$ cat upload09.txt   # compact mmCIF, C-alpha atoms
# COMPACT_ATOMS: atom_id res chain seq x y z
CA MET A 110 13.60 52.27 -1.12
CA LYS A 111 16.49 50.07 -2.23
CA ARG A 112 16.49 48.30 1.14
CA LYS A 113 12.74 47.63 0.83
CA LEU A 114 13.20 46.15 -2.64
CA THR A 115 15.99 43.91 -1.37
CA LEU A 116 13.81 42.74 1.50
CA LEU A 117 10.89 42.09 -0.87
CA CYS A 118 13.11 40.07 -3.24
CA THR A 119 14.43 38.05 -0.31
CA LEU A 120 10.92 37.28 0.90
CA LEU A 121 9.82 36.25 -2.61
CA LEU A 122 12.85 33.98 -2.95
CA MET A 123 12.15 32.36 0.41
CA SER A 124 8.51 31.85 -0.59
CA THR A 125 9.57 30.25 -3.89
CA LEU A 126 12.01 27.92 -2.14
CA ALA A 127 9.36 26.91 0.39
CA THR A 128 6.92 26.11 -2.40
CA ALA A 129 9.56 24.16 -4.32
CA GLN A 130 10.07 21.89 -1.30
CA THR A 131 6.45 20.75 -1.30
CA GLY A 132 5.10 17.72 -3.11
CA LYS A 133 1.68 17.63 -4.72
CA VAL A 134 -1.33 15.39 -4.27
CA PHE A 135 -4.01 14.85 -6.90
CA ASP A 136 -6.97 13.01 -5.42
CA ASN A 137 -9.59 12.97 -8.19
CA LEU A 138 -7.84 11.05 -10.95
CA SER A 139 -9.35 8.06 -12.74
CA VAL A 140 -8.48 5.19 -15.04
CA LYS A 141 -10.90 3.41 -17.35
CA SER A 142 -11.33 -0.26 -16.38
CA GLU A 143 -12.66 -2.89 -18.74
CA ILE A 144 -12.32 -5.49 -15.98
CA LEU A 145 -14.47 -3.58 -13.48
CA LYS A 146 -16.65 -2.07 -16.20
CA GLY A 147 -16.22 1.61 -15.40
CA ASP A 148 -13.86 4.36 -14.35
CA ARG A 149 -11.88 3.78 -11.16
CA LYS A 150 -10.53 6.68 -9.16
CA PHE A 151 -7.11 6.96 -7.58
CA ALA A 152 -4.99 9.56 -5.83
CA ILE A 153 -1.32 10.19 -6.39
CA TYR A 154 1.47 11.92 -4.48
CA LEU A 155 4.26 13.46 -6.59
CA PRO A 156 7.52 14.39 -4.84
CA PRO A 157 8.72 18.02 -4.55
CA ASP A 158 11.12 17.90 -7.50
CA TYR A 159 8.84 15.98 -9.89
CA GLU A 160 7.97 18.99 -12.05
CA THR A 161 11.51 20.37 -12.18
CA SER A 162 13.39 17.15 -12.93
CA GLU A 163 13.45 14.61 -15.71
CA ARG A 164 14.28 11.64 -13.51
CA SER A 165 12.10 8.61 -12.87
CA TYR A 166 11.05 7.64 -9.36
CA PRO A 167 10.39 4.55 -7.25
CA VAL A 168 6.76 3.94 -6.38
CA LEU A 169 4.76 2.97 -3.32
CA TYR A 170 1.25 1.58 -3.74
CA LEU A 171 -0.57 2.64 -0.57
CA LEU A 172 -3.90 0.93 0.14
CA HIS A 173 -6.75 2.29 2.26
CA GLY A 174 -8.92 0.39 4.73
CA ALA A 175 -12.59 -0.60 4.70
CA GLY A 176 -14.93 2.37 4.73
CA ASP A 177 -12.37 4.75 3.24
CA ASP A 178 -11.47 5.31 -0.39
CA HIS A 179 -8.52 6.67 -2.36
CA THR A 180 -8.68 9.91 -0.35
CA GLY A 181 -8.26 8.20 3.04
CA TRP A 182 -4.48 8.43 3.18
CA VAL A 183 -4.69 11.98 1.82
CA GLN A 184 -7.23 13.34 4.29
CA PHE A 185 -6.71 11.27 7.44
CA GLY A 186 -3.24 9.83 6.84
CA GLU A 187 -1.70 13.23 5.98
CA VAL A 188 0.42 11.58 3.31
CA LEU A 189 1.52 14.93 1.83
CA ARG A 190 2.90 16.39 5.05
CA ILE A 191 4.46 13.16 6.32
CA THR A 192 6.13 12.24 3.02
CA ASP A 193 7.38 15.78 2.39
CA ASN A 194 8.94 15.83 5.88
CA ALA A 195 10.52 12.40 5.43
CA ILE A 196 12.07 13.43 2.10
CA LYS A 197 13.22 16.74 3.54
CA ASP A 198 14.96 15.18 6.55
CA GLY A 199 16.56 12.47 4.41
CA THR A 200 14.85 9.44 5.95
CA ALA A 201 12.96 8.73 2.73
CA THR A 202 13.96 8.98 -0.90
CA PRO A 203 11.75 11.00 -3.27
CA MET A 204 9.05 8.64 -4.52
CA ILE A 205 5.64 8.54 -6.15
CA ILE A 206 2.76 7.20 -4.04
CA VAL A 207 -0.31 5.72 -5.72
CA MET A 208 -3.51 5.34 -3.68
CA PRO A 209 -6.31 3.42 -5.47
CA ASP A 210 -10.02 3.29 -4.64
CA ALA A 211 -11.29 -0.15 -3.57
CA ASN A 212 -14.51 1.04 -1.98
CA THR A 213 -16.78 2.23 -4.80
CA GLY A 214 -19.39 -0.15 -6.20
CA GLN A 215 -18.10 -3.14 -4.28
CA ARG A 216 -15.55 -3.16 -1.49
CA GLY A 217 -12.34 -5.15 -1.53
CA TYR A 218 -8.93 -5.69 -3.14
CA PHE A 219 -9.43 -9.34 -4.10
CA ASN A 220 -11.14 -11.13 -6.95
CA ASN A 221 -14.59 -12.31 -5.94
CA PRO A 222 -15.19 -16.11 -5.83
CA SER A 223 -18.31 -15.48 -7.93
CA ASP A 224 -16.10 -13.88 -10.61
CA ASN A 225 -18.12 -10.65 -10.71
CA TRP A 226 -15.59 -8.34 -9.03
CA ASN A 227 -12.02 -9.01 -10.12
CA TYR A 228 -10.27 -6.13 -8.40
CA GLU A 229 -6.92 -7.87 -8.13
CA ASP A 230 -6.90 -8.40 -11.89
CA PHE A 231 -7.71 -4.71 -12.32
CA PHE A 232 -4.84 -3.69 -10.04
CA PHE A 233 -2.16 -5.71 -11.84
CA GLU A 234 -3.47 -5.62 -15.40
CA GLU A 235 -4.90 -2.09 -15.65
CA LEU A 236 -4.03 0.26 -12.79
CA MET A 237 -0.35 -0.56 -12.42
CA PRO A 238 0.43 -0.44 -16.17
CA TYR A 239 -1.55 2.81 -16.50
CA VAL A 240 0.22 4.77 -13.76
CA GLU A 241 3.65 3.38 -14.63
CA LYS A 242 3.14 4.45 -18.24
CA ASN A 243 1.72 7.91 -17.52
CA TYR A 244 4.06 8.93 -14.70
CA ARG A 245 7.85 8.75 -14.52
CA ILE A 246 7.93 5.56 -12.48
CA LYS A 247 10.75 3.04 -12.42
CA SER A 248 9.11 -0.25 -13.29
CA GLN A 249 11.60 -2.76 -11.88
CA LYS A 250 10.82 -4.84 -8.79
CA ARG A 251 13.62 -3.11 -6.88
CA PHE A 252 11.83 0.24 -7.14
CA ARG A 253 8.29 -0.90 -6.30
CA ALA A 254 6.78 -1.28 -2.80
CA ILE A 255 3.34 -1.83 -1.32
CA SER A 256 1.74 -0.97 2.00
CA GLY A 257 -1.72 -0.46 3.42
CA LEU A 258 -3.83 -0.50 6.56
CA SER A 259 -6.52 -2.90 7.78
CA MET A 260 -8.30 -4.14 4.62
CA GLY A 261 -5.43 -2.54 2.72
CA GLY A 262 -2.99 -4.40 4.95
CA GLY A 263 -4.72 -7.58 3.81
CA GLY A 264 -4.36 -6.40 0.23
CA THR A 265 -0.66 -5.77 0.89
CA PHE A 266 -0.17 -9.33 2.15
CA MET A 267 -2.10 -10.84 -0.75
CA TYR A 268 -0.53 -8.82 -3.54
CA ALA A 269 3.03 -9.33 -2.32
CA LEU A 270 2.44 -13.05 -1.64
CA HIS A 271 0.71 -13.59 -4.98
CA ARG A 272 3.25 -11.53 -6.94
CA PRO A 273 6.55 -11.44 -5.03
CA ASP A 274 8.27 -10.87 -8.36
CA LEU A 275 6.84 -7.33 -8.46
CA PHE A 276 7.62 -5.85 -5.04
CA SER A 277 10.88 -5.19 -3.24
CA SER A 278 9.10 -4.41 0.05
CA ALA A 279 5.72 -4.99 1.65
CA ALA A 280 4.48 -3.29 4.81
CA PRO A 281 1.06 -4.47 6.01
CA LEU A 282 -0.27 -2.31 8.86
CA SER A 283 -2.94 -3.60 11.26
CA ALA A 284 -3.73 -6.08 8.52
CA TYR A 285 -6.84 -8.16 8.07
CA VAL A 286 -5.09 -11.39 7.11
CA GLY A 287 -8.32 -13.18 6.18
CA PRO A 288 -10.54 -15.62 8.13
CA LEU A 289 -8.38 -17.64 10.50
CA SER A 290 -10.03 -20.96 9.61
CA LEU A 291 -11.85 -22.54 6.69
CA ASP A 292 -15.03 -22.78 8.79
CA GLN A 293 -14.90 -19.05 9.49
CA PHE A 294 -14.53 -18.37 5.77
CA LYS A 295 -17.47 -20.64 4.87
CA GLN A 296 -19.64 -18.82 7.39
CA GLN A 297 -18.51 -15.50 5.95
CA ALA A 298 -19.25 -16.68 2.40
CA GLU A 299 -22.74 -17.78 3.45
CA ARG A 300 -23.48 -14.39 5.03
CA MET A 301 -22.29 -12.67 1.85
CA GLY A 302 -24.40 -14.96 -0.32
CA LEU A 303 -21.43 -16.09 -2.43
CA SER A 304 -22.33 -18.72 -5.01
CA ALA A 305 -19.41 -21.15 -5.15
CA SER A 306 -18.89 -24.88 -4.68
CA GLN A 307 -17.17 -26.32 -1.61
CA SER A 308 -14.00 -27.03 -3.56
CA GLU A 309 -13.99 -23.48 -4.96
CA LEU A 310 -14.43 -22.05 -1.48
CA GLU A 311 -11.58 -24.18 -0.13
CA GLU A 312 -9.27 -23.14 -2.96
CA TYR A 313 -10.20 -19.49 -2.53
CA PHE A 314 -9.51 -19.67 1.21
CA ARG A 315 -6.05 -21.17 0.62
CA ASN A 316 -5.22 -18.47 -1.94
CA HIS A 317 -6.55 -15.52 0.08
CA ASN A 318 -5.36 -16.24 3.59
CA ALA A 319 -1.96 -14.77 4.43
CA ILE A 320 -1.05 -17.52 6.88
CA SER A 321 -1.89 -20.32 4.43
CA LEU A 322 0.09 -18.60 1.69
CA ILE A 323 3.11 -18.23 4.00
CA GLU A 324 2.91 -21.84 5.15
CA ASP A 325 2.36 -23.34 1.69
CA GLY A 326 4.06 -20.82 -0.60
CA ASP A 327 7.43 -20.78 -2.33
CA ILE A 328 9.66 -19.70 0.55
CA GLU A 329 12.50 -18.36 -1.60
CA LYS A 330 10.09 -16.15 -3.55
CA ILE A 331 8.53 -14.87 -0.34
CA LYS A 332 12.02 -14.16 1.01
CA SER A 333 12.71 -11.98 -2.04
CA VAL A 334 10.36 -9.39 -0.49
CA ARG A 335 11.41 -7.33 2.54
CA TRP A 336 8.58 -7.57 5.07
CA PHE A 337 7.50 -5.06 7.71
CA ILE A 338 4.48 -6.05 9.82
CA ASP A 339 3.06 -3.50 12.28
CA CYS A 340 0.02 -3.83 14.55
CA GLY A 341 -0.99 -2.09 17.78
CA ASP A 342 -1.24 -3.96 21.07
CA ASP A 343 -4.89 -2.90 21.43
CA ASP A 344 -5.85 -3.65 17.83
CA PHE A 345 -8.70 -6.14 17.35
CA LEU A 346 -6.74 -7.68 14.45
CA TYR A 347 -3.71 -8.49 16.63
CA GLU A 348 -4.24 -12.26 16.45
CA GLY A 349 -3.97 -12.58 12.68
CA ASN A 350 -0.90 -10.35 12.56
CA SER A 351 0.72 -12.34 15.37
CA LEU A 352 0.01 -15.62 13.57
CA ALA A 353 1.50 -14.25 10.33
CA HIS A 354 4.62 -13.28 12.28
CA ILE A 355 4.83 -16.76 13.84
CA ALA A 356 4.33 -18.44 10.45
CA MET A 357 7.20 -16.40 9.02
CA ARG A 358 9.42 -17.23 11.98
CA LYS A 359 8.75 -20.95 11.54
CA LYS A 360 9.62 -20.71 7.83
CA GLU A 361 12.69 -18.58 8.65
CA ILE A 362 11.44 -15.75 6.45
CA PRO A 363 13.28 -12.53 7.42
CA HIS A 364 10.88 -9.80 8.47
CA GLU A 365 10.41 -6.98 10.93
CA TYR A 366 7.50 -7.27 13.33
CA ARG A 367 6.44 -4.24 15.35
CA VAL A 368 3.90 -3.98 18.15
CA ARG A 369 3.40 -0.51 19.55
CA GLN A 370 0.92 0.95 22.00
CA GLY A 371 -2.28 1.78 20.18
CA GLY A 372 -5.38 0.52 18.46
CA HIS A 373 -7.02 0.45 15.06
CA THR A 374 -6.76 4.21 14.56
CA TRP A 375 -5.40 6.85 12.21
CA THR A 376 -3.25 8.12 15.07
CA TYR A 377 -1.44 4.78 15.00
CA TRP A 378 -1.10 4.67 11.19
CA ARG A 379 0.12 8.26 10.91
CA GLU A 380 2.94 7.27 13.26
CA SER A 381 3.60 4.14 11.18
CA LEU A 382 3.91 5.89 7.83
CA PRO A 383 7.31 7.60 8.40
CA VAL A 384 8.77 4.26 9.50
CA VAL A 385 7.34 2.55 6.42
CA LEU A 386 8.78 5.25 4.14
CA LYS A 387 12.23 4.74 5.65
CA PHE A 388 11.93 0.94 5.42
CA ILE A 389 11.01 0.89 1.74
CA SER A 390 13.57 3.58 0.91
CA ASP A 391 16.29 1.29 2.25
CA ALA A 392 15.24 -1.29 -0.35
CA PHE A 393 15.08 1.33 -3.09
CA HIS A 394 18.69 2.18 -2.22
CA GLN A 395 19.70 -1.51 -2.13
CA TYR A 396 20.55 -1.18 1.59

$ encode --input "upload09.txt" --output "structure tokens"
Amino acid sequence: MKRKLTLLCTLLLMSTLATAQTGKVFDNLSVKSEILKGDRKFAIYLPPDYETSERSYPVLYLLHGAGDDHTGWVQFGEVLRITDNAIKDGTATPMIIVMPDANTGQRGYFNNPSDNWNYEDFFFEELMPYVEKNYRIKSQKRFRAISGLSMGGGGTFMYALHRPDLFSSAAPLSAYVGPLSLDQFKQQAERMGLSASQSELEEYFRNHNAISLIEDGDIEKIKSVRWFIDCGDDDFLYEGNSLAHIAMRKKEIPHEYRVRQGGHTWTYWRESLPVVLKFISDAFHQY
């Protein structure tokens, strides 16, 4: 009987330890937005020791692609399993991961030229202050990173290029860098029925095209961000990512550029995520 009790206690202890080593994901959270006139959902990953510690954590803002929402990285990207494993094997530091919804109502991470969908304003003025107030998040640039895939890769480029003072690292994956020419953007704006003058369209293009922002931006500020660009060799967005890489090379902006076998798929991005977690953790640790 005593031996059975010992065995039972051992099994319970092992079960408790296994549970303690698991992070948690909440994927039905929301924040009230005055800018977007409604509640906006987001998901969040909390590291395994969040509930048992009193420490504050670095944060990764992880953006989904077109057609997904804040649950994309949870369901298809397996963010819980991958991040838990990376923390467990020591390749990533414990961190909080915030995954916002940019698909409900109107799709996109940018402010609309017609001024009726200012998602970027929401992100910086409402979402970021909300989560960094309500969760134990370190709010300095050094401890903040951003990444995302496809449309979210475009959001990663834009947010880190617009606000390099806020992010220590940026990792766009298979990114949509924006129309590759002003003519392409004007055609896109016409299809979307955007009401804006020619000068407004030209200004918007310059401010929402990663290559233009790299070529015309403040190089020292852009250099203050550690860059990791990753796109598959069979990805239909390879050209824009290649041009962003070339623009950075010409401006002598340090960055890592990765091309692996694969296309525009979750299989590719699930393999990218552990590398991204290690890359941003290096910055969190002041490599």

$ residues_around --input "upload09.txt" --residues "Lys332 in chain A" --least-positions-apart "3" --cutoff "12 Å" --atoms "only C-alpha atoms" --output "list in words"
Ala269, Leu270, Pro273, Asp274, Phe276, Ser277, Ser278, Ala279, Ile323, Gly326, Asp327, Ile328, Glu329, Arg335, Trp336, Met357, Arg358, Lys360, Glu361, Ile362, Pro363 and His364 of chain A

$ write_last_selection --input "upload09.txt" --atoms "C-alpha atoms" --output "PDB file, keeping the file's coordinate frame"
ATOM      1  CA  ALA A 269       3.030  -9.330  -2.320  1.00  0.00           C
ATOM      2  CA  LEU A 270       2.440 -13.050  -1.640  1.00  0.00           C
ATOM      3  CA  PRO A 273       6.550 -11.440  -5.030  1.00  0.00           C
ATOM      4  CA  ASP A 274       8.270 -10.870  -8.360  1.00  0.00           C
ATOM      5  CA  PHE A 276       7.620  -5.850  -5.040  1.00  0.00           C
ATOM      6  CA  SER A 277      10.880  -5.190  -3.240  1.00  0.00           C
ATOM      7  CA  SER A 278       9.100  -4.410   0.050  1.00  0.00           C
ATOM      8  CA  ALA A 279       5.720  -4.990   1.650  1.00  0.00           C
ATOM      9  CA  ILE A 323       3.110 -18.230   4.000  1.00  0.00           C
ATOM     10  CA  GLY A 326       4.060 -20.820  -0.600  1.00  0.00           C
ATOM     11  CA  ASP A 327       7.430 -20.780  -2.330  1.00  0.00           C
ATOM     12  CA  ILE A 328       9.660 -19.700   0.550  1.00  0.00           C
ATOM     13  CA  GLU A 329      12.500 -18.360  -1.600  1.00  0.00           C
ATOM     14  CA  ARG A 335      11.410  -7.330   2.540  1.00  0.00           C
ATOM     15  CA  TRP A 336       8.580  -7.570   5.070  1.00  0.00           C
ATOM     16  CA  MET A 357       7.200 -16.400   9.020  1.00  0.00           C
ATOM     17  CA  ARG A 358       9.420 -17.230  11.980  1.00  0.00           C
ATOM     18  CA  LYS A 360       9.620 -20.710   7.830  1.00  0.00           C
ATOM     19  CA  GLU A 361      12.690 -18.580   8.650  1.00  0.00           C
ATOM     20  CA  ILE A 362      11.440 -15.750   6.450  1.00  0.00           C
ATOM     21  CA  PRO A 363      13.280 -12.530   7.420  1.00  0.00           C
ATOM     22  CA  HIS A 364      10.880  -9.800   8.470  1.00  0.00           C
TER      23      HIS A 364
END

$ residues_around --input "upload09.txt" --residues "Tyr170 in chain A" --least-positions-apart "3" --cutoff "10 Å" --atoms "all atoms listed in the file" --output "number ranges by chain"
A: 153, 205-209, 237, 253-257, 265, 276, 279

$ closest_residue --input "upload09.txt" --among "A:Phe388, A:Phe135, A:Tyr285, A:Tyr377" --to "Ser351 in chain A" --atoms "only C-alpha atoms"
A:Tyr285

$ residues_around --input "upload09.txt" --residues "Asn316 in chain A" --least-positions-apart "4" --cutoff "10 Å" --atoms "all atoms listed in the file" --output "list in words"
Met267, Leu270, His271, Leu310, Glu311, Glu312, Ile320, Ser321, Leu322, Asp325 and Gly326 of chain A

$ residues_around --input "upload09.txt" --residues "range 189-200 of chain A" --least-positions-apart "3" --cutoff "10 Å" --atoms "only C-alpha atoms" --output "count of residues only"
28

$ closest_residue --input "upload09.txt" --among "A:Leu169, A:Leu236, A:Gly214, A:Thr161" --to "Glu143 in chain A" --atoms "only C-alpha atoms"
A:Leu236

$ residues_around --input "upload09.txt" --residues "range 217-231 of chain A" --least-positions-apart "2" --cutoff "9 Å" --atoms "only C-alpha atoms" --output "mmCIF file with C-alpha atoms, in the coordinates of the input"
data_model
loop_
_atom_site.group_PDB
_atom_site.id
_atom_site.type_symbol
_atom_site.label_atom_id
_atom_site.label_comp_id
_atom_site.auth_asym_id
_atom_site.auth_seq_id
_atom_site.Cartn_x
_atom_site.Cartn_y
_atom_site.Cartn_z
ATOM 1 C CA SER A 142 -11.330 -0.260 -16.380
ATOM 2 C CA GLU A 143 -12.660 -2.890 -18.740
ATOM 3 C CA ILE A 144 -12.320 -5.490 -15.980
ATOM 4 C CA LEU A 145 -14.470 -3.580 -13.480
ATOM 5 C CA LEU A 172 -3.900 0.930 0.140
ATOM 6 C CA ALA A 175 -12.590 -0.600 4.700
ATOM 7 C CA ALA A 211 -11.290 -0.150 -3.570
ATOM 8 C CA ASN A 212 -14.510 1.040 -1.980
ATOM 9 C CA GLN A 215 -18.100 -3.140 -4.280
ATOM 10 C CA PHE A 233 -2.160 -5.710 -11.840
ATOM 11 C CA GLU A 234 -3.470 -5.620 -15.400
ATOM 12 C CA GLU A 235 -4.900 -2.090 -15.650
ATOM 13 C CA LEU A 236 -4.030 0.260 -12.790
ATOM 14 C CA MET A 237 -0.350 -0.560 -12.420
ATOM 15 C CA MET A 260 -8.300 -4.140 4.620
ATOM 16 C CA GLY A 261 -5.430 -2.540 2.720
ATOM 17 C CA GLY A 263 -4.720 -7.580 3.810
ATOM 18 C CA GLY A 264 -4.360 -6.400 0.230
ATOM 19 C CA MET A 267 -2.100 -10.840 -0.750
ATOM 20 C CA TYR A 268 -0.530 -8.820 -3.540
ATOM 21 C CA LEU A 303 -21.430 -16.090 -2.430
ATOM 22 C CA SER A 304 -22.330 -18.720 -5.010
ATOM 23 C CA ALA A 305 -19.410 -21.150 -5.150
ATOM 24 C CA GLU A 309 -13.990 -23.480 -4.960
ATOM 25 C CA LEU A 310 -14.430 -22.050 -1.480
ATOM 26 C CA TYR A 313 -10.200 -19.490 -2.530
ATOM 27 C CA HIS A 317 -6.550 -15.520 0.080
#

$ atom_distance --input "upload09.txt" --atom1 "CA of Ala353 in chain A" --atom2 "CA of Ala284 in chain A"
9.9 Å

$ closest_residue --input "upload09.txt" --among "A:Gly287, A:Val168, A:Gln307, A:Phe266" --to "Ile331 in chain A" --atoms "all atoms listed in the file"
A:Phe266

$ closest_residue --input "upload09.txt" --among "A:Phe185, A:Trp378, A:Tyr396, A:Phe151" --to "Gly262 in chain A" --atoms "all atoms listed in the file"
A:Trp378

$ atom_distance --input "upload09.txt" --atom1 "CA of Ala201 in chain A" --atom2 "CA of His179 in chain A"
22.2 Å

$ atom_distance --input "upload09.txt" --atom1 "CA of Ser259 in chain A" --atom2 "CA of Ser283 in chain A"
5.0 Å

$ closest_residue --input "upload09.txt" --among "A:Gly174, A:Gly371, A:Ser381, A:Glu324" --to "Ala356 in chain A" --atoms "only C-alpha atoms"
A:Glu324

$ axis_aligned_box --input "upload09.txt" --around "range 263-278 of chain A" --padding-each-side "6 Å" --output "AutoDock Vina command-line options"
--center_x 3.1 --center_y -9.0 --center_z -2.3 --size_x 27.6 --size_y 21.2 --size_z 24.3

$ build_atoms --input "upload09.txt" --residues "range 334-347 of chain A" --atoms "N, CA, C and O atoms" --output "PDB file, in the coordinates of the input"
ATOM      1  N   VAL A 334      11.045 -10.613  -0.905  1.00  0.00           N
ATOM      2  CA  VAL A 334      10.360  -9.390  -0.490  1.00  0.00           C
ATOM      3  C   VAL A 334      10.821  -9.040   0.923  1.00  0.00           C
ATOM      4  O   VAL A 334      10.916  -9.922   1.779  1.00  0.00           O
ATOM      5  N   ARG A 335      11.113  -7.771   1.169  1.00  0.00           N
ATOM      6  CA  ARG A 335      11.410  -7.330   2.540  1.00  0.00           C
ATOM      7  C   ARG A 335      10.074  -7.030   3.228  1.00  0.00           C
ATOM      8  O   ARG A 335       9.264  -6.251   2.726  1.00  0.00           O
ATOM      9  N   TRP A 336       9.870  -7.633   4.387  1.00  0.00           N
ATOM     10  CA  TRP A 336       8.580  -7.570   5.070  1.00  0.00           C
ATOM     11  C   TRP A 336       8.665  -6.708   6.324  1.00  0.00           C
ATOM     12  O   TRP A 336       9.583  -6.840   7.126  1.00  0.00           O
ATOM     13  N   PHE A 337       7.635  -5.876   6.510  1.00  0.00           N
ATOM     14  CA  PHE A 337       7.500  -5.060   7.710  1.00  0.00           C
ATOM     15  C   PHE A 337       6.053  -5.161   8.167  1.00  0.00           C
ATOM     16  O   PHE A 337       5.138  -4.665   7.501  1.00  0.00           O
ATOM     17  N   ILE A 338       5.824  -5.831   9.292  1.00  0.00           N
ATOM     18  CA  ILE A 338       4.480  -6.050   9.820  1.00  0.00           C
ATOM     19  C   ILE A 338       4.324  -5.200  11.083  1.00  0.00           C
ATOM     20  O   ILE A 338       5.167  -5.260  11.983  1.00  0.00           O
ATOM     21  N   ASP A 339       3.237  -4.440  11.175  1.00  0.00           N
ATOM     22  CA  ASP A 339       3.060  -3.500  12.280  1.00  0.00           C
ATOM     23  C   ASP A 339       1.606  -3.537  12.729  1.00  0.00           C
ATOM     24  O   ASP A 339       0.693  -3.370  11.915  1.00  0.00           O
ATOM     25  N   CYS A 340       1.395  -3.775  14.025  1.00  0.00           N
ATOM     26  CA  CYS A 340       0.020  -3.830  14.550  1.00  0.00           C
ATOM     27  C   CYS A 340       0.024  -3.415  16.015  1.00  0.00           C
ATOM     28  O   CYS A 340       0.885  -3.854  16.791  1.00  0.00           O
ATOM     29  N   GLY A 341      -0.921  -2.581  16.411  1.00  0.00           N
ATOM     30  CA  GLY A 341      -0.990  -2.090  17.780  1.00  0.00           C
ATOM     31  C   GLY A 341      -1.378  -3.159  18.791  1.00  0.00           C
ATOM     32  O   GLY A 341      -2.080  -4.130  18.463  1.00  0.00           O
ATOM     33  N   ASP A 342      -0.956  -2.962  20.035  1.00  0.00           N
ATOM     34  CA  ASP A 342      -1.240  -3.960  21.070  1.00  0.00           C
ATOM     35  C   ASP A 342      -2.715  -3.979  21.474  1.00  0.00           C
ATOM     36  O   ASP A 342      -3.186  -4.956  22.073  1.00  0.00           O
ATOM     37  N   ASP A 343      -3.458  -2.930  21.129  1.00  0.00           N
ATOM     38  CA  ASP A 343      -4.890  -2.900  21.430  1.00  0.00           C
ATOM     39  C   ASP A 343      -5.749  -3.081  20.181  1.00  0.00           C
ATOM     40  O   ASP A 343      -6.961  -2.849  20.226  1.00  0.00           O
ATOM     41  N   ASP A 344      -5.130  -3.493  19.090  1.00  0.00           N
ATOM     42  CA  ASP A 344      -5.850  -3.650  17.830  1.00  0.00           C
ATOM     43  C   ASP A 344      -6.633  -4.957  17.827  1.00  0.00           C
ATOM     44  O   ASP A 344      -6.105  -6.004  18.214  1.00  0.00           O
ATOM     45  N   PHE A 345      -7.881  -4.917  17.364  1.00  0.00           N
ATOM     46  CA  PHE A 345      -8.700  -6.140  17.350  1.00  0.00           C
ATOM     47  C   PHE A 345      -8.200  -7.161  16.332  1.00  0.00           C
ATOM     48  O   PHE A 345      -8.620  -8.324  16.366  1.00  0.00           O
ATOM     49  N   LEU A 346      -7.297  -6.754  15.436  1.00  0.00           N
ATOM     50  CA  LEU A 346      -6.740  -7.680  14.450  1.00  0.00           C
ATOM     51  C   LEU A 346      -5.374  -8.228  14.874  1.00  0.00           C
ATOM     52  O   LEU A 346      -4.651  -8.791  14.053  1.00  0.00           O
ATOM     53  N   TYR A 347      -5.035  -8.084  16.157  1.00  0.00           N
ATOM     54  CA  TYR A 347      -3.710  -8.490  16.630  1.00  0.00           C
ATOM     55  C   TYR A 347      -3.433  -9.975  16.413  1.00  0.00           C
ATOM     56  O   TYR A 347      -2.303 -10.372  16.110  1.00  0.00           O
TER      57      TYR A 347
END
